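What follows is the content of final20.tsv (TSV, C-alpha atoms).
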```tsv
chain	number	residue	atom	x	y	z
A	28	MET	CA	0.00	0.00	0.00
A	29	THR	CA	1.38	3.38	-1.03
A	30	THR	CA	0.12	6.83	-0.11
A	31	GLN	CA	0.86	9.78	-2.37
A	32	THR	CA	-0.13	13.37	-1.70
A	33	TYR	CA	-0.76	16.13	-4.23
A	34	LEU	CA	-1.94	19.71	-4.39
A	35	VAL	CA	-4.85	20.33	-6.74
A	36	SER	CA	-5.78	23.80	-7.96
A	37	GLY	CA	-9.14	24.95	-9.23
A	38	MET	CA	-11.52	22.95	-7.05
A	39	SER	CA	-14.17	25.22	-5.57
A	40	CYS	CA	-16.87	23.00	-4.10
A	41	GLY	CA	-18.07	19.56	-3.15
A	42	HIS	CA	-19.01	18.81	-6.75
A	43	CYS	CA	-15.38	19.40	-7.72
A	44	GLU	CA	-14.22	17.00	-5.00
A	45	THR	CA	-16.67	14.42	-6.30
A	46	ALA	CA	-15.40	14.82	-9.86
A	47	VAL	CA	-11.79	14.24	-8.75
A	48	ARG	CA	-12.73	11.36	-6.45
A	49	SER	CA	-14.78	9.71	-9.17
A	50	GLU	CA	-12.09	10.02	-11.85
A	51	LEU	CA	-9.37	8.64	-9.55
A	52	GLY	CA	-11.64	5.89	-8.29
A	53	ALA	CA	-11.77	4.53	-11.83
A	54	VAL	CA	-7.98	4.13	-12.03
A	55	PRO	CA	-6.89	0.50	-11.53
A	56	GLY	CA	-4.81	0.11	-8.37
A	57	VAL	CA	-6.33	3.08	-6.56
A	58	GLN	CA	-7.67	1.95	-3.20
A	59	GLN	CA	-8.64	5.16	-1.45
A	60	VAL	CA	-8.99	8.83	-2.32
A	61	GLU	CA	-9.25	11.77	0.06
A	62	VAL	CA	-9.69	15.21	-1.43
A	63	SER	CA	-10.55	18.64	-0.07
A	64	ALA	CA	-11.59	21.64	-2.12
A	65	ALA	CA	-10.91	23.84	0.89
A	66	THR	CA	-7.23	22.93	1.18
A	67	GLY	CA	-6.61	21.58	-2.33
A	68	ARG	CA	-5.00	18.55	-0.77
A	69	LEU	CA	-5.42	15.18	-2.46
A	70	THR	CA	-4.28	11.94	-0.86
A	71	VAL	CA	-4.32	8.79	-2.96
A	72	THR	CA	-3.73	5.34	-1.53
A	73	THR	CA	-2.81	2.70	-4.07
A	74	ASP	CA	-1.52	-0.86	-4.34
A	75	GLY	CA	1.84	0.63	-5.37
A	76	SER	CA	1.28	0.34	-9.12
A	77	VAL	CA	0.03	3.88	-9.75
A	78	ASP	CA	2.61	6.50	-10.65
A	79	ASP	CA	2.37	10.29	-10.33
A	80	ALA	CA	1.77	10.78	-14.06
A	81	THR	CA	-1.31	8.55	-13.90
A	82	VAL	CA	-2.74	10.41	-10.91
A	83	ILE	CA	-2.03	13.80	-12.48
A	84	ALA	CA	-3.63	12.68	-15.76
A	85	ALA	CA	-6.77	11.52	-13.96
A	86	VAL	CA	-7.06	14.85	-12.13
A	87	ASP	CA	-6.57	16.64	-15.45
A	88	GLU	CA	-9.35	14.52	-16.93
A	89	ALA	CA	-11.62	15.72	-14.12
A	90	GLY	CA	-10.76	19.30	-15.12
A	91	TYR	CA	-8.15	20.30	-12.53
A	92	GLN	CA	-4.41	20.56	-12.15
A	93	ALA	CA	-2.42	18.52	-9.67
A	94	GLN	CA	1.19	18.56	-8.62
A	95	ARG	CA	3.02	16.34	-6.19
A	96	GLY	CA	2.92	18.10	-2.83
B	22	MET	CA	-44.45	31.62	-21.99
B	23	THR	CA	-43.25	33.30	-18.82
B	24	THR	CA	-39.75	34.33	-17.85
B	25	GLN	CA	-38.82	34.68	-14.18
B	26	THR	CA	-35.45	35.83	-12.87
B	27	TYR	CA	-33.84	34.97	-9.56
B	28	LEU	CA	-30.61	35.49	-7.67
B	29	VAL	CA	-28.97	32.32	-6.42
B	30	SER	CA	-26.30	32.32	-3.74
B	31	GLY	CA	-23.68	29.68	-3.13
B	32	MET	CA	-22.90	28.51	-6.65
B	33	SER	CA	-19.15	28.43	-7.21
B	34	CYS	CA	-18.52	26.55	-10.45
B	35	GLY	CA	-19.90	24.90	-13.54
B	36	HIS	CA	-20.86	21.81	-11.55
B	37	CYS	CA	-23.10	24.00	-9.40
B	38	GLU	CA	-24.75	25.48	-12.49
B	39	THR	CA	-25.33	21.95	-13.78
B	40	ALA	CA	-26.92	20.89	-10.49
B	41	VAL	CA	-29.36	23.84	-10.59
B	42	ARG	CA	-30.10	23.39	-14.29
B	43	SER	CA	-30.72	19.70	-13.83
B	44	GLU	CA	-33.04	20.11	-10.85
B	45	LEU	CA	-35.10	22.82	-12.55
B	46	GLY	CA	-35.20	20.90	-15.81
B	47	ALA	CA	-37.10	18.15	-13.98
B	48	VAL	CA	-39.90	20.54	-12.93
B	49	PRO	CA	-43.01	20.13	-15.12
B	50	GLY	CA	-43.72	23.31	-17.09
B	51	VAL	CA	-40.11	24.51	-17.15
B	52	GLN	CA	-39.03	25.10	-20.73
B	53	GLN	CA	-35.64	26.75	-20.45
B	54	VAL	CA	-33.09	27.46	-17.75
B	55	GLU	CA	-30.16	29.85	-17.87
B	56	VAL	CA	-27.90	30.03	-14.86
B	57	SER	CA	-24.52	31.59	-14.13
B	58	ALA	CA	-22.34	30.86	-11.13
B	59	ALA	CA	-20.34	34.01	-11.88
B	60	THR	CA	-23.30	36.36	-11.52
B	61	GLY	CA	-25.67	34.20	-9.52
B	62	ARG	CA	-28.39	35.04	-11.99
B	63	LEU	CA	-30.98	32.40	-12.83
B	64	THR	CA	-33.54	32.84	-15.59
B	65	VAL	CA	-36.34	30.32	-15.88
B	66	THR	CA	-38.72	30.21	-18.82
B	67	THR	CA	-41.92	28.29	-18.19
B	68	ASP	CA	-45.34	27.64	-19.70
B	69	GLY	CA	-46.77	29.94	-17.04
B	70	SER	CA	-47.71	27.21	-14.58
B	71	VAL	CA	-44.59	27.36	-12.38
B	72	ASP	CA	-44.68	29.68	-9.40
B	73	ASP	CA	-41.77	31.21	-7.47
B	74	ALA	CA	-42.13	28.79	-4.57
B	75	THR	CA	-41.65	25.84	-6.92
B	76	VAL	CA	-38.55	27.35	-8.49
B	77	ILE	CA	-37.08	28.27	-5.11
B	78	ALA	CA	-37.80	24.76	-3.78
B	79	ALA	CA	-36.05	23.17	-6.77
B	80	VAL	CA	-32.98	25.38	-6.27
B	81	ASP	CA	-33.01	24.48	-2.58
B	82	GLU	CA	-33.14	20.80	-3.54
B	83	ALA	CA	-30.00	21.36	-5.63
B	84	GLY	CA	-28.31	22.79	-2.53
B	85	TYR	CA	-28.54	26.55	-3.09
B	86	GLN	CA	-30.68	29.50	-2.09
B	87	ALA	CA	-32.71	31.54	-4.55
B	88	GLN	CA	-34.71	34.70	-4.23
B	89	ARG	CA	-36.74	36.53	-6.82
B	90	GLY	CA	-34.47	39.15	-8.34
```
Show me, as structure tokens, the structure contained in the file I just sent.
Amino acid sequence: MTTQTYLVSGMSCGHCETAVRSELGAVPGVQQVEVSAATGRLTVTTDGSVDDATVIAAVDEAGYQAQRG
Amino acid sequence: MTTQTYLVSGMSCGHCETAVRSELGAVPGVQQVEVSAATGRLTVTTDGSVDDATVIAAVDEAGYQAQRG
């Protein structure tokens, strides 16, 4: 189990959190997602097979920008 | 055809607009909905059978507060 943290910009509300959570939840290997629009913090727990680029791409797909943080 | 305008507080993004649009679109008699998170302005076009209380209740159901404006 691996935990990676990121900073996501552009989220403004609970709908935004849901969009990010939903997109990441569909990535194989992702086990848990915690995300807060208030702080911009995103914590992703995986089976160890998910790299940063994959997480960042999923966040981008949801419409936001993430960086490792 | 009747057009009613409202001010909605609490919308912060496009997801919020979608939530309001979707809830109002399910109200019988509603023909068109225009909503902007940036301005808070909501314009509802109906067949004349939809009163303010119904519009305000639908917005409330979506999670926001509307007043005639």
Could you tell me, as a short mmCIF file (atom, residue, chain, number, x, y, z; two decimals) with C-alpha atoms, keeping the file's coordinate frame, which residues have any atom at most 12 Å from (-18.7, 22.8, -16.9), counting all atoms listed in the file?
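Saved as out-v1.cif:
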```
data_model
loop_
_atom_site.label_atom_id
_atom_site.label_comp_id
_atom_site.auth_asym_id
_atom_site.auth_seq_id
_atom_site.Cartn_x
_atom_site.Cartn_y
_atom_site.Cartn_z
CA HIS A 42 -19.01 18.81 -6.75
CA CYS A 43 -15.38 19.40 -7.72
CA ALA A 46 -15.40 14.82 -9.86
CA ALA A 89 -11.62 15.72 -14.12
CA GLY A 90 -10.76 19.30 -15.12
CA TYR A 91 -8.15 20.30 -12.53
CA SER B 33 -19.15 28.43 -7.21
CA CYS B 34 -18.52 26.55 -10.45
CA GLY B 35 -19.90 24.90 -13.54
CA HIS B 36 -20.86 21.81 -11.55
CA CYS B 37 -23.10 24.00 -9.40
CA GLU B 38 -24.75 25.48 -12.49
CA THR B 39 -25.33 21.95 -13.78
CA ALA B 40 -26.92 20.89 -10.49
CA ARG B 42 -30.10 23.39 -14.29
CA VAL B 56 -27.90 30.03 -14.86
CA SER B 57 -24.52 31.59 -14.13
CA ALA B 58 -22.34 30.86 -11.13
#
```
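The shell of residues at most 10 Å from Ser70 of chain B, with all atoms listed in the file counted and near chain neighbours (fewer than 2 positions) removed, consists of Met22, Thr23, Pro49, Gly50, Val51, Thr67, Asp68, Asp72 and Thr75 of chain B.
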Requested write-out: C-alpha atoms of the selected residues, as a PDB file, in the coordinates of the input:
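Just written: result-v7.pdb:
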```
ATOM      1  CA  MET B  22     -44.450  31.620 -21.990  1.00  0.00           C
ATOM      2  CA  THR B  23     -43.250  33.300 -18.820  1.00  0.00           C
ATOM      3  CA  PRO B  49     -43.010  20.130 -15.120  1.00  0.00           C
ATOM      4  CA  GLY B  50     -43.720  23.310 -17.090  1.00  0.00           C
ATOM      5  CA  VAL B  51     -40.110  24.510 -17.150  1.00  0.00           C
ATOM      6  CA  THR B  67     -41.920  28.290 -18.190  1.00  0.00           C
ATOM      7  CA  ASP B  68     -45.340  27.640 -19.700  1.00  0.00           C
ATOM      8  CA  ASP B  72     -44.680  29.680  -9.400  1.00  0.00           C
ATOM      9  CA  THR B  75     -41.650  25.840  -6.920  1.00  0.00           C
TER      10      THR B  75
END
```
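The space between atom CA of Gln86 of chain B and atom CA of Ala65 of chain A spans 20.8 Å.
Closest approach to chain A among B:Val65, B:Met32, B:Val41, B:Ala47: B:Met32, based on only C-alpha atoms.
Taking atom CA of Gly67 of chain A as the reference point, atom CA of Gly96 of chain A is found at 10.2 Å.
Every protein or nucleic acid residue with an atom no more than 9 Å from Thr32 of chain A, counting only C-alpha atoms and leaving out same-chain residues fewer than 3 positions away, appears here: Arg68, Leu69, Thr70, Val71, Thr72, Gln94, Arg95 and Gly96 of chain A.
Among the candidate residues B:Gly46, B:Val80, B:Gly69, B:Gly31, the one lying nearest to chain A is B:Gly31, with distances computed using only C-alpha atoms.
Each of B:Val29, B:Val76, B:Thr60, B:Ala87 was compared to Leu45 of chain B using all atoms listed in the file, and B:Val76 turns out to be the nearest.
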